[in-house]
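Asks: Input: one structure, supplied below.
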Amino acid sequence: MSERNLNDWVRQAHESNNYDPLLQMVPYARLIGIECLRLGDEMVFRLPSNKDNIGNPTLPALHGGVIAGFMEHAAMLHLLMFMGSPHLPKIIDFSIDYLRAGHYRDTFAACQVWRQGRRVANVAVTAWQTNQTEPIATARCHFKVDEP
Amino acid sequence: MSDPVILERTQRFLSFLRHCQVLGMRVERADRTGLTLRLPYSENIVSDPETGIIHGGAITTLMDTTCGISTACALPELEICPTLDLRIDYMHPAEPNHDVFGFAECYRVTPTVIFTRGVAYQRDINEPIAHVVGAFMRMGRGKQGGAAAEERGAGA
C-alpha cells in the first residue's frame, strides 16, 4: 500500500480509536483474527479464541506458529502506530520462547520498543492469557524501518 | 523417496493439527534425514494485498510445524514434543503466487530436548527465504498429550 494511504489509515485509527480498518487491510491478521485496543498510551493486542487456530487438539492448545504470528504482527503494528514510520516495517528476525501452553482462550500481547535507530528497530513482545504476570510466550524481533 | 513408515507417521501427525489443515499444509517428503512440508500459496496468508507477500506468521507456522514434526523422523516412536523456542532469520521475502516449502532436521537428540534446524524456500533450497533453529521438549514415556504437555510449551 502507498505511504500516503498508510499514513492516513494510521492517523484515522488514532483519531477514532478504531484500529479495525488497519487490521482488516492485512489478510493474515483477518485469518487468525487479531484485534487491537488502545488504553491511553498503551496498545494491547487481542487474539480471540478461534478453533481454526488450534494446533494440539488433545489439550486443546493454540498452534505455536499462530501465537508467534500474532506476536510478530503486534510488534509490526506497534511500530507503525507509535514510531511514525511512514511505511510498513519489514521483519529481519524473530525469536520466541514458549513458557506455558497457549490454551484455547483469548490471548493478549503488548510490545516494548527497546531501540529504534534510523534503519532498524528492536521490539520485545509479551503474550499472556489469564494473567499478564504469567506470560505464555515472550519474543523479540528486529524490523527494518528505513525504506518503503 | 520417502520412508513409508516415517511418511505415514508424519502425515498422521500433521492431520491432527487443525490450523495446519486450515493453511492446507501437506507432507512433501519424510525420511530418517528430515522432513519437508509444503505451504500452498493463498491470498489469506498475505501481509499486504498490493505486493502479495506472505506474512511472516504463516512462514513461522510452517517452520514451527516442520521442525516439530521432524522429531518424528529421528525418534523410534511418535512423541508430541512442545516447542521450547524458535528463531527465524529472514533472508528475503517469499515470491508471491508460489508455494513455500519447509525443510527441517534434528541435529541433536537428548533424553529431554531435541535440537532442530531448517530452512523455508520456494524454487531452490540453496536460496532459502528463511533460516530456522528450534528446540523441542521431550515429555518422557507415558506422558504424552495430557498433564505433562500441559506443564509447558505451546507448539505443534
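All residue names refer to the C-alpha cells as shown: chains lettered A, B, ... in order, residues numbered from 1 in each chain, ligands numbered from 1 in order.
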When DSSP works through the backbone of this structure, what residues of stretch 15-113 of chain B end up as helix (DSSP H, G or I), shown as a ChimeraX atom specification?
Replies: /B:15-16,18-23,43-45,56-74
Asks: For the selection you just gave me, I'd like the residues written to a file as a PDB file, in the first residue's frame, keeping N, CA and C atoms.
Replies:
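Wrote it out as part.pdb, contents follow:
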ATOM      1  N   SER B  15      -2.047 -34.227  10.275  1.00  0.00           N
ATOM      2  CA  SER B  15      -3.504 -34.220  10.116  1.00  0.00           C
ATOM      3  C   SER B  15      -4.224 -33.872  11.420  1.00  0.00           C
ATOM      4  N   PHE B  16      -3.525 -34.060  12.570  1.00  0.00           N
ATOM      5  CA  PHE B  16      -4.122 -33.704  13.868  1.00  0.00           C
ATOM      6  C   PHE B  16      -4.204 -32.192  14.072  1.00  0.00           C
ATOM      7  N   ARG B  18      -5.156 -28.734  13.559  1.00  0.00           N
ATOM      8  CA  ARG B  18      -6.237 -28.050  12.840  1.00  0.00           C
ATOM      9  C   ARG B  18      -5.742 -26.835  12.054  1.00  0.00           C
ATOM     10  N   HIS B  19      -4.946 -25.986  12.692  1.00  0.00           N
ATOM     11  CA  HIS B  19      -4.525 -24.774  11.992  1.00  0.00           C
ATOM     12  C   HIS B  19      -3.730 -25.115  10.728  1.00  0.00           C
ATOM     13  N   CYS B  20      -2.986 -26.204  10.763  1.00  0.00           N
ATOM     14  CA  CYS B  20      -2.207 -26.619   9.579  1.00  0.00           C
ATOM     15  C   CYS B  20      -3.145 -27.077   8.463  1.00  0.00           C
ATOM     16  N   GLN B  21      -4.278 -27.673   8.855  1.00  0.00           N
ATOM     17  CA  GLN B  21      -5.281 -28.068   7.863  1.00  0.00           C
ATOM     18  C   GLN B  21      -5.910 -26.822   7.249  1.00  0.00           C
ATOM     19  N   VAL B  22      -6.147 -25.807   8.082  1.00  0.00           N
ATOM     20  CA  VAL B  22      -6.713 -24.554   7.583  1.00  0.00           C
ATOM     21  C   VAL B  22      -5.771 -23.933   6.539  1.00  0.00           C
ATOM     22  N   LEU B  23      -4.474 -24.038   6.779  1.00  0.00           N
ATOM     23  CA  LEU B  23      -3.496 -23.475   5.840  1.00  0.00           C
ATOM     24  C   LEU B  23      -3.238 -24.412   4.655  1.00  0.00           C
ATOM     25  N   GLU B  43      -4.161 -16.243  -0.851  1.00  0.00           N
ATOM     26  CA  GLU B  43      -4.343 -14.811  -0.564  1.00  0.00           C
ATOM     27  C   GLU B  43      -4.670 -14.560   0.907  1.00  0.00           C
ATOM     28  N   ASN B  44      -5.090 -15.641   1.602  1.00  0.00           N
ATOM     29  CA  ASN B  44      -5.435 -15.498   3.019  1.00  0.00           C
ATOM     30  C   ASN B  44      -4.233 -15.297   3.925  1.00  0.00           C
ATOM     31  N   ILE B  45      -3.052 -15.664   3.467  1.00  0.00           N
ATOM     32  CA  ILE B  45      -1.883 -15.602   4.357  1.00  0.00           C
ATOM     33  C   ILE B  45      -0.930 -14.475   3.964  1.00  0.00           C
ATOM     34  N   GLY B  56       4.990 -13.136   7.672  1.00  0.00           N
ATOM     35  CA  GLY B  56       5.962 -13.896   8.454  1.00  0.00           C
ATOM     36  C   GLY B  56       5.307 -14.909   9.381  1.00  0.00           C
ATOM     37  N   GLY B  57       4.119 -14.588   9.870  1.00  0.00           N
ATOM     38  CA  GLY B  57       3.426 -15.504  10.774  1.00  0.00           C
ATOM     39  C   GLY B  57       3.128 -16.849  10.134  1.00  0.00           C
ATOM     40  N   ALA B  58       2.767 -16.826   8.843  1.00  0.00           N
ATOM     41  CA  ALA B  58       2.479 -18.082   8.140  1.00  0.00           C
ATOM     42  C   ALA B  58       3.774 -18.873   7.928  1.00  0.00           C
ATOM     43  N   ILE B  59       4.862 -18.159   7.664  1.00  0.00           N
ATOM     44  CA  ILE B  59       6.168 -18.828   7.499  1.00  0.00           C
ATOM     45  C   ILE B  59       6.595 -19.425   8.856  1.00  0.00           C
ATOM     46  N   THR B  60       6.359 -18.672   9.940  1.00  0.00           N
ATOM     47  CA  THR B  60       6.707 -19.191  11.271  1.00  0.00           C
ATOM     48  C   THR B  60       5.894 -20.441  11.585  1.00  0.00           C
ATOM     49  N   THR B  61       4.601 -20.415  11.244  1.00  0.00           N
ATOM     50  CA  THR B  61       3.762 -21.599  11.476  1.00  0.00           C
ATOM     51  C   THR B  61       4.284 -22.790  10.672  1.00  0.00           C
ATOM     52  N   LEU B  62       4.629 -22.542   9.419  1.00  0.00           N
ATOM     53  CA  LEU B  62       5.199 -23.622   8.590  1.00  0.00           C
ATOM     54  C   LEU B  62       6.452 -24.191   9.259  1.00  0.00           C
ATOM     55  N   MET B  63       7.339 -23.305   9.726  1.00  0.00           N
ATOM     56  CA  MET B  63       8.622 -23.784  10.234  1.00  0.00           C
ATOM     57  C   MET B  63       8.512 -24.373  11.639  1.00  0.00           C
ATOM     58  N   ASP B  64       7.617 -23.838  12.469  1.00  0.00           N
ATOM     59  CA  ASP B  64       7.380 -24.433  13.785  1.00  0.00           C
ATOM     60  C   ASP B  64       6.862 -25.857  13.598  1.00  0.00           C
ATOM     61  N   THR B  65       5.935 -26.009  12.646  1.00  0.00           N
ATOM     62  CA  THR B  65       5.359 -27.329  12.387  1.00  0.00           C
ATOM     63  C   THR B  65       6.402 -28.271  11.782  1.00  0.00           C
ATOM     64  N   THR B  66       7.168 -27.769  10.817  1.00  0.00           N
ATOM     65  CA  THR B  66       8.164 -28.628  10.167  1.00  0.00           C
ATOM     66  C   THR B  66       9.212 -29.090  11.180  1.00  0.00           C
ATOM     67  N   CYS B  67       9.720 -28.148  11.974  1.00  0.00           N
ATOM     68  CA  CYS B  67      10.723 -28.513  12.988  1.00  0.00           C
ATOM     69  C   CYS B  67      10.103 -29.475  14.001  1.00  0.00           C
ATOM     70  N   GLY B  68       8.876 -29.180  14.445  1.00  0.00           N
ATOM     71  CA  GLY B  68       8.217 -30.008  15.459  1.00  0.00           C
ATOM     72  C   GLY B  68       7.978 -31.427  14.978  1.00  0.00           C
ATOM     73  N   ILE B  69       7.484 -31.572  13.742  1.00  0.00           N
ATOM     74  CA  ILE B  69       7.185 -32.922  13.240  1.00  0.00           C
ATOM     75  C   ILE B  69       8.461 -33.626  12.780  1.00  0.00           C
ATOM     76  N   SER B  70       9.523 -32.866  12.506  1.00  0.00           N
ATOM     77  CA  SER B  70      10.778 -33.525  12.097  1.00  0.00           C
ATOM     78  C   SER B  70      11.317 -34.403  13.227  1.00  0.00           C
ATOM     79  N   THR B  71      10.835 -34.158  14.466  1.00  0.00           N
ATOM     80  CA  THR B  71      11.243 -35.031  15.576  1.00  0.00           C
ATOM     81  C   THR B  71      10.789 -36.473  15.317  1.00  0.00           C
ATOM     82  N   ALA B  72       9.695 -36.617  14.570  1.00  0.00           N
ATOM     83  CA  ALA B  72       9.184 -37.958  14.255  1.00  0.00           C
ATOM     84  C   ALA B  72      10.106 -38.704  13.273  1.00  0.00           C
ATOM     85  N   CYS B  73      11.013 -37.961  12.627  1.00  0.00           N
ATOM     86  CA  CYS B  73      11.980 -38.591  11.723  1.00  0.00           C
ATOM     87  C   CYS B  73      13.155 -39.177  12.499  1.00  0.00           C
ATOM     88  N   ALA B  74      13.401 -38.639  13.699  1.00  0.00           N
ATOM     89  CA  ALA B  74      14.593 -39.016  14.454  1.00  0.00           C
ATOM     90  C   ALA B  74      14.284 -39.963  15.611  1.00  0.00           C
TER      91      ALA B  74
END
Asks: If you take only C-alpha atoms and a cut-off of 9 Å, which residues of chain A touch chain B, and what are their nearest atom pairs and distances in Å to one decimal, in chain and number order, as a tab-separated table?
Replies:
residue	atom	partner	partner_atom	distance
A:Met1	CA	B:Glu50	CA	5.8
A:Ser2	CA	B:Glu50	CA	9.0
A:Met25	CA	B:Asp48	CA	7.4
A:Val26	CA	B:Ser47	CA	5.2
A:Pro27	CA	B:Asn44	CA	5.2
A:Tyr28	CA	B:Ile45	CA	4.5
A:Ala29	CA	B:Ser47	CA	7.8
A:Arg30	CA	B:Asn44	CA	8.0
A:Leu31	CA	B:Asn44	CA	6.3
A:Lys51	CA	B:Arg18	CA	7.8
A:Asp52	CA	B:His19	CA	5.2
A:Asn53	CA	B:His19	CA	5.0
A:Ile54	CA	B:His19	CA	5.5
A:Gly55	CA	B:Leu17	CA	4.5
A:Asn56	CA	B:Leu17	CA	5.8
A:Pro57	CA	B:Leu17	CA	6.8
A:Thr58	CA	B:Gly145	CA	6.2
A:Leu59	CA	B:Gly146	CA	6.6
A:Ala61	CA	B:Ala154	CA	6.5
A:Leu62	CA	B:Ala154	CA	6.7
A:His63	CA	B:Gly155	CA	5.5
A:Gly64	CA	B:Gly155	CA	3.9
A:Gly65	CA	B:Thr61	CA	3.7
A:Val66	CA	B:Thr61	CA	6.3
A:Ile67	CA	B:Ala154	CA	8.4
A:Ala68	CA	B:Gly57	CA	6.3
A:Gly69	CA	B:Gly57	CA	3.5
A:Phe70	CA	B:Gly57	CA	7.0
A:Met71	CA	B:Gly57	CA	8.5
A:Glu72	CA	B:Gly57	CA	6.7
A:His73	CA	B:Gly57	CA	7.5
A:Ile91	CA	B:Tyr90	CA	7.1
A:Ile92	CA	B:Tyr90	CA	5.4
A:Asp93	CA	B:Asp89	CA	4.4
A:Phe94	CA	B:Ile88	CA	5.2
A:Ser95	CA	B:Arg87	CA	4.1
A:Ile96	CA	B:Leu86	CA	5.4
A:Asp97	CA	B:Asp85	CA	4.4
A:Tyr98	CA	B:Leu84	CA	5.3
A:Leu99	CA	B:Gly153	CA	5.9
A:Arg100	CA	B:Arg152	CA	4.6
A:Ala101	CA	B:Ala154	CA	4.2
A:Gly102	CA	B:Ala154	CA	5.2
A:His103	CA	B:Ala154	CA	8.0
A:Ile136	CA	B:Ala154	CA	7.9
A:Ala137	CA	B:Ala154	CA	8.6
Asks: Kindly save the residues from that selection, with N, CA and C atoms included, as a CSV table (one decimal), in the first residue's frame.
Replies:
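Full text of result.csv as output:
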chain,number,residue,atom,x,y,z
A,1,MET,N,0.8,-1.2,0.0
A,1,MET,CA,0.0,0.0,0.0
A,1,MET,C,0.9,1.2,0.0
A,2,SER,N,0.4,2.3,-0.5
A,2,SER,CA,1.2,3.5,-0.7
A,2,SER,C,1.4,4.2,0.7
A,25,MET,N,-7.0,-4.6,6.7
A,25,MET,CA,-6.2,-4.5,5.4
A,25,MET,C,-5.3,-5.7,5.2
A,26,VAL,N,-5.0,-6.4,6.3
A,26,VAL,CA,-4.0,-7.4,6.3
A,26,VAL,C,-4.6,-8.8,6.3
A,27,PRO,N,-4.6,-9.5,5.2
A,27,PRO,CA,-5.4,-10.8,5.1
A,27,PRO,C,-5.0,-11.8,6.2
A,28,TYR,N,-3.7,-11.8,6.5
A,28,TYR,CA,-3.2,-12.8,7.6
A,28,TYR,C,-3.8,-12.4,8.9
A,29,ALA,N,-3.9,-11.1,9.2
A,29,ALA,CA,-4.4,-10.6,10.5
A,29,ALA,C,-5.9,-11.0,10.6
A,30,ARG,N,-6.6,-10.9,9.4
A,30,ARG,CA,-8.0,-11.3,9.4
A,30,ARG,C,-8.2,-12.8,9.6
A,31,LEU,N,-7.3,-13.6,9.0
A,31,LEU,CA,-7.3,-15.1,9.0
A,31,LEU,C,-7.3,-15.5,10.5
A,51,LYS,N,-11.3,-21.8,16.9
A,51,LYS,CA,-11.0,-23.2,16.7
A,51,LYS,C,-10.0,-23.4,15.6
A,52,ASP,N,-10.0,-22.5,14.6
A,52,ASP,CA,-9.1,-22.7,13.5
A,52,ASP,C,-7.6,-22.4,13.8
A,53,ASN,N,-7.4,-21.8,15.0
A,53,ASN,CA,-6.0,-21.5,15.4
A,53,ASN,C,-5.4,-22.6,16.3
A,54,ILE,N,-6.2,-23.7,16.5
A,54,ILE,CA,-5.7,-24.8,17.4
A,54,ILE,C,-4.6,-25.6,16.7
A,55,GLY,N,-3.6,-26.0,17.5
A,55,GLY,CA,-2.6,-26.9,17.0
A,55,GLY,C,-2.9,-28.3,17.6
A,56,ASN,N,-2.3,-28.5,18.8
A,56,ASN,CA,-2.5,-29.7,19.5
A,56,ASN,C,-4.0,-29.8,20.0
A,57,PRO,N,-4.7,-30.8,19.4
A,57,PRO,CA,-6.2,-30.9,19.7
A,57,PRO,C,-6.4,-31.6,21.1
A,58,THR,N,-5.5,-32.3,21.7
A,58,THR,CA,-5.8,-33.0,22.9
A,58,THR,C,-5.9,-32.1,24.1
A,59,LEU,N,-5.1,-31.0,24.2
A,59,LEU,CA,-5.2,-30.1,25.3
A,59,LEU,C,-6.6,-29.4,25.5
A,61,ALA,N,-4.7,-26.8,22.5
A,61,ALA,CA,-3.8,-25.7,22.6
A,61,ALA,C,-3.7,-24.9,21.3
A,62,LEU,N,-3.5,-23.6,21.4
A,62,LEU,CA,-3.3,-22.9,20.2
A,62,LEU,C,-2.0,-23.3,19.5
A,63,HIS,N,-1.9,-23.3,18.2
A,63,HIS,CA,-0.7,-23.6,17.5
A,63,HIS,C,0.4,-22.6,17.8
A,64,GLY,N,1.6,-23.1,18.1
A,64,GLY,CA,2.7,-22.2,18.5
A,64,GLY,C,3.0,-21.2,17.4
A,65,GLY,N,2.8,-21.6,16.1
A,65,GLY,CA,3.0,-20.7,15.0
A,65,GLY,C,2.0,-19.5,14.9
A,66,VAL,N,0.8,-19.8,15.4
A,66,VAL,CA,-0.2,-18.7,15.4
A,66,VAL,C,0.1,-17.7,16.5
A,67,ILE,N,0.6,-18.2,17.6
A,67,ILE,CA,1.0,-17.3,18.7
A,67,ILE,C,2.1,-16.5,18.2
A,68,ALA,N,3.1,-17.1,17.5
A,68,ALA,CA,4.2,-16.3,17.0
A,68,ALA,C,3.8,-15.3,16.0
A,69,GLY,N,2.9,-15.7,15.1
A,69,GLY,CA,2.4,-14.8,14.0
A,69,GLY,C,1.6,-13.6,14.6
A,70,PHE,N,0.9,-13.9,15.7
A,70,PHE,CA,0.1,-12.9,16.4
A,70,PHE,C,1.1,-11.9,17.0
A,71,MET,N,2.2,-12.4,17.6
A,71,MET,CA,3.1,-11.5,18.3
A,71,MET,C,4.0,-10.7,17.3
A,72,GLU,N,4.3,-11.4,16.2
A,72,GLU,CA,5.1,-10.6,15.2
A,72,GLU,C,4.2,-9.5,14.6
A,73,HIS,N,3.0,-9.8,14.3
A,73,HIS,CA,2.1,-8.8,13.7
A,73,HIS,C,1.9,-7.6,14.7
A,91,ILE,N,10.2,-7.4,8.6
A,91,ILE,CA,10.8,-8.3,9.6
A,91,ILE,C,12.2,-8.8,9.2
A,92,ILE,N,13.1,-8.7,10.1
A,92,ILE,CA,14.5,-9.2,9.8
A,92,ILE,C,14.7,-10.5,10.5
A,93,ASP,N,14.4,-10.6,11.8
A,93,ASP,CA,14.5,-11.8,12.5
A,93,ASP,C,13.4,-11.8,13.7
A,94,PHE,N,13.1,-13.0,14.1
A,94,PHE,CA,12.1,-13.2,15.1
A,94,PHE,C,12.5,-14.4,16.0
A,95,SER,N,12.5,-14.2,17.3
A,95,SER,CA,12.9,-15.3,18.2
A,95,SER,C,11.8,-15.4,19.3
A,96,ILE,N,11.3,-16.6,19.6
A,96,ILE,CA,10.2,-16.7,20.5
A,96,ILE,C,10.6,-17.8,21.5
A,97,ASP,N,10.3,-17.6,22.8
A,97,ASP,CA,10.4,-18.6,23.9
A,97,ASP,C,9.0,-18.9,24.3
A,98,TYR,N,8.6,-20.2,24.3
A,98,TYR,CA,7.3,-20.6,24.8
A,98,TYR,C,7.4,-21.0,26.2
A,99,LEU,N,6.6,-20.4,27.1
A,99,LEU,CA,6.8,-20.5,28.5
A,99,LEU,C,5.7,-21.4,29.1
A,100,ARG,N,4.5,-21.3,28.5
A,100,ARG,CA,3.3,-22.1,29.0
A,100,ARG,C,2.5,-22.5,27.8
A,101,ALA,N,1.6,-23.5,28.0
A,101,ALA,CA,0.7,-23.9,26.9
A,101,ALA,C,-0.2,-22.7,26.7
A,102,GLY,N,-0.4,-22.5,25.4
A,102,GLY,CA,-1.4,-21.5,25.0
A,102,GLY,C,-2.8,-22.1,24.9
A,103,HIS,N,-3.6,-22.0,25.9
A,103,HIS,CA,-4.9,-22.7,25.9
A,103,HIS,C,-5.9,-22.1,24.9
A,136,ILE,N,2.5,-16.6,28.4
A,136,ILE,CA,2.6,-17.9,27.7
A,136,ILE,C,3.8,-17.9,26.8
A,137,ALA,N,4.3,-16.7,26.4
A,137,ALA,CA,5.4,-16.6,25.5
A,137,ALA,C,6.0,-15.2,25.5
Asks: Just asking: which residues within stretch 4-152 of chain B are strand (DSSP E or B) according to DSSP, as a CSV table (one decimal) with C-alpha atoms, in the first residue's frame?
Replies:
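Output (result02.csv):
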chain,number,residue,atom,x,y,z
B,26,ARG,CA,1.0,-31.2,3.3
B,27,VAL,CA,3.9,-33.6,3.8
B,28,GLU,CA,6.1,-33.4,0.7
B,29,ARG,CA,8.8,-35.8,1.8
B,30,ALA,CA,9.8,-37.6,5.0
B,31,ASP,CA,12.7,-39.9,5.9
B,34,GLY,CA,14.5,-34.9,7.7
B,35,LEU,CA,11.0,-33.6,6.8
B,36,THR,CA,9.7,-31.4,4.0
B,37,LEU,CA,6.3,-29.8,4.3
B,38,ARG,CA,4.5,-27.7,1.7
B,39,LEU,CA,2.6,-24.5,2.5
B,46,VAL,CA,-0.6,-12.4,2.7
B,47,SER,CA,0.6,-9.5,4.7
B,48,ASP,CA,0.0,-6.8,2.0
B,53,ILE,CA,4.0,-11.2,0.0
B,54,ILE,CA,3.3,-14.0,2.5
B,83,THR,CA,8.3,-26.1,21.2
B,84,LEU,CA,10.7,-24.6,23.7
B,85,ASP,CA,11.9,-21.8,21.5
B,86,LEU,CA,12.2,-20.9,17.8
B,87,ARG,CA,14.3,-18.4,15.9
B,88,ILE,CA,13.7,-17.3,12.3
B,89,ASP,CA,16.1,-15.2,10.2
B,90,TYR,CA,14.5,-13.8,7.1
B,100,VAL,CA,6.6,-22.3,0.2
B,101,PHE,CA,8.5,-25.5,1.4
B,102,GLY,CA,9.8,-26.0,4.8
B,103,PHE,CA,12.7,-28.5,5.5
B,104,ALA,CA,13.9,-29.4,9.0
B,105,GLU,CA,16.2,-31.9,10.5
B,106,CYS,CA,17.1,-32.9,14.1
B,107,TYR,CA,20.8,-32.4,14.7
B,108,ARG,CA,20.9,-33.5,18.3
B,109,VAL,CA,18.5,-35.7,20.3
B,113,VAL,CA,15.5,-31.9,24.4
B,114,ILE,CA,15.6,-32.2,20.6
B,115,PHE,CA,17.5,-29.5,18.6
B,116,THR,CA,16.3,-28.9,15.1
B,117,ARG,CA,17.2,-26.6,12.3
B,118,GLY,CA,15.8,-25.9,8.9
B,119,VAL,CA,15.0,-23.6,6.0
B,120,ALA,CA,12.0,-22.2,4.2
B,121,TYR,CA,12.4,-22.0,0.5
B,130,ALA,CA,14.4,-18.1,5.9
B,131,HIS,CA,16.7,-20.0,8.2
B,132,VAL,CA,15.3,-21.5,11.4
B,133,VAL,CA,16.5,-23.2,14.6
B,134,GLY,CA,14.2,-24.6,17.2
B,135,ALA,CA,14.4,-26.6,20.4
B,136,PHE,CA,11.7,-29.0,21.4
B,137,MET,CA,11.0,-30.7,24.7
Asks: Compile the contact shell of stretch 121-130 of chain A as a list in words: residues with an atom at most 8 Å away, counting only C-alpha atoms, same-chain residues fewer than 5 positions apart removed.
Replies: Met71, Ala74, Ala75, Gly102, His103, Arg105, Asp106, Thr107, Phe108, Ala109, Ala110, Cys111, Gln112, Val113, Trp114, Arg115, Gln116, Pro135, Ile136, Ala137, Thr138, Ala139, Arg140, Cys141, His142, Phe143, Lys144 and Val145 of chain A
Asks: Might you pull out every residue within 9 Å of stretch 19-23 of chain A, with only C-alpha atoms counted and same-chain residues fewer than 5 positions away left off, and present them as an MDAnalysis selection string?
Replies: chainID A and resid 6 9:10 12:14 29:30 33:38 77
Asks: Restricted to N, CA and C atoms, what would the selected residues look like written as a PDB file, in the first residue's frame?
Replies:
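New file part.pdb:
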ATOM      1  N   LEU A   6      -1.192   4.733   3.878  1.00  0.00           N
ATOM      2  CA  LEU A   6      -0.868   4.114   5.157  1.00  0.00           C
ATOM      3  C   LEU A   6      -0.889   5.162   6.268  1.00  0.00           C
ATOM      4  N   TRP A   9      -4.417   6.033   7.067  1.00  0.00           N
ATOM      5  CA  TRP A   9      -5.053   4.964   7.842  1.00  0.00           C
ATOM      6  C   TRP A   9      -4.636   5.059   9.310  1.00  0.00           C
ATOM      7  N   VAL A  10      -3.339   5.243   9.544  1.00  0.00           N
ATOM      8  CA  VAL A  10      -2.843   5.283  10.926  1.00  0.00           C
ATOM      9  C   VAL A  10      -3.423   6.487  11.656  1.00  0.00           C
ATOM     10  N   GLN A  12      -6.207   8.157  10.997  1.00  0.00           N
ATOM     11  CA  GLN A  12      -7.639   7.939  11.242  1.00  0.00           C
ATOM     12  C   GLN A  12      -7.876   6.970  12.395  1.00  0.00           C
ATOM     13  N   ALA A  13      -7.055   5.926  12.443  1.00  0.00           N
ATOM     14  CA  ALA A  13      -7.207   4.929  13.511  1.00  0.00           C
ATOM     15  C   ALA A  13      -6.972   5.582  14.862  1.00  0.00           C
ATOM     16  N   HIS A  14      -5.907   6.402  14.950  1.00  0.00           N
ATOM     17  CA  HIS A  14      -5.621   7.095  16.210  1.00  0.00           C
ATOM     18  C   HIS A  14      -6.760   8.044  16.583  1.00  0.00           C
ATOM     19  N   ALA A  29      -3.878 -11.105   9.229  1.00  0.00           N
ATOM     20  CA  ALA A  29      -4.441 -10.648  10.510  1.00  0.00           C
ATOM     21  C   ALA A  29      -5.922 -11.006  10.590  1.00  0.00           C
ATOM     22  N   ARG A  30      -6.617 -10.939   9.442  1.00  0.00           N
ATOM     23  CA  ARG A  30      -8.034 -11.333   9.388  1.00  0.00           C
ATOM     24  C   ARG A  30      -8.172 -12.830   9.603  1.00  0.00           C
ATOM     25  N   GLY A  33      -7.460 -13.504  13.156  1.00  0.00           N
ATOM     26  CA  GLY A  33      -8.453 -12.727  13.926  1.00  0.00           C
ATOM     27  C   GLY A  33      -7.880 -11.747  14.932  1.00  0.00           C
ATOM     28  N   ILE A  34      -6.817 -11.023  14.566  1.00  0.00           N
ATOM     29  CA  ILE A  34      -6.187 -10.086  15.511  1.00  0.00           C
ATOM     30  C   ILE A  34      -7.061  -8.840  15.718  1.00  0.00           C
ATOM     31  N   GLU A  35      -7.140  -8.402  16.981  1.00  0.00           N
ATOM     32  CA  GLU A  35      -7.809  -7.144  17.308  1.00  0.00           C
ATOM     33  C   GLU A  35      -6.840  -6.278  18.087  1.00  0.00           C
ATOM     34  N   CYS A  36      -7.111  -4.962  18.126  1.00  0.00           N
ATOM     35  CA  CYS A  36      -6.256  -4.155  18.975  1.00  0.00           C
ATOM     36  C   CYS A  36      -7.009  -3.033  19.638  1.00  0.00           C
ATOM     37  N   LEU A  37      -6.529  -2.663  20.805  1.00  0.00           N
ATOM     38  CA  LEU A  37      -7.227  -1.744  21.689  1.00  0.00           C
ATOM     39  C   LEU A  37      -6.209  -0.787  22.270  1.00  0.00           C
ATOM     40  N   ARG A  38      -6.535   0.509  22.240  1.00  0.00           N
ATOM     41  CA  ARG A  38      -5.620   1.481  22.817  1.00  0.00           C
ATOM     42  C   ARG A  38      -6.124   1.912  24.191  1.00  0.00           C
ATOM     43  N   LEU A  77       2.669  -3.713  14.045  1.00  0.00           N
ATOM     44  CA  LEU A  77       1.646  -2.667  14.177  1.00  0.00           C
ATOM     45  C   LEU A  77       2.042  -1.638  15.229  1.00  0.00           C
TER      46      LEU A  77
END
Asks: Atom CA of A:Pro89 and atom CA of A:Arg118, how far apart in Å?
Replies: 11.9 Å
Asks: With distances taken over only C-alpha atoms, which residue among A:Glu134, A:Leu39, A:Asn5, A:Ile32 lies nearest A:Leu88?
Replies: A:Asn5
Asks: Can you measure atom CA of A:Gln24 to atom CA of A:Gly84 for me? One decimal in Å is fine.
Replies: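 These two atoms are separated by 20.0 Å.
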Asks: Quote the spacing between atom CA of B:Met1 and atom CA of B:Arg138 in Å to one decimal place.
Replies: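 Going from atom CA of B:Met1 over to atom CA of B:Arg138, I get 28.0 Å.
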Asks: Go through A:Asn17, A:Pro60, A:Met83, A:Lys90 and flag the residue nearest A:Gly40, using only C-alpha atoms for the distances.
Replies: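 Ranked by minimum distance to A:Gly40, first place goes to A:Asn17.
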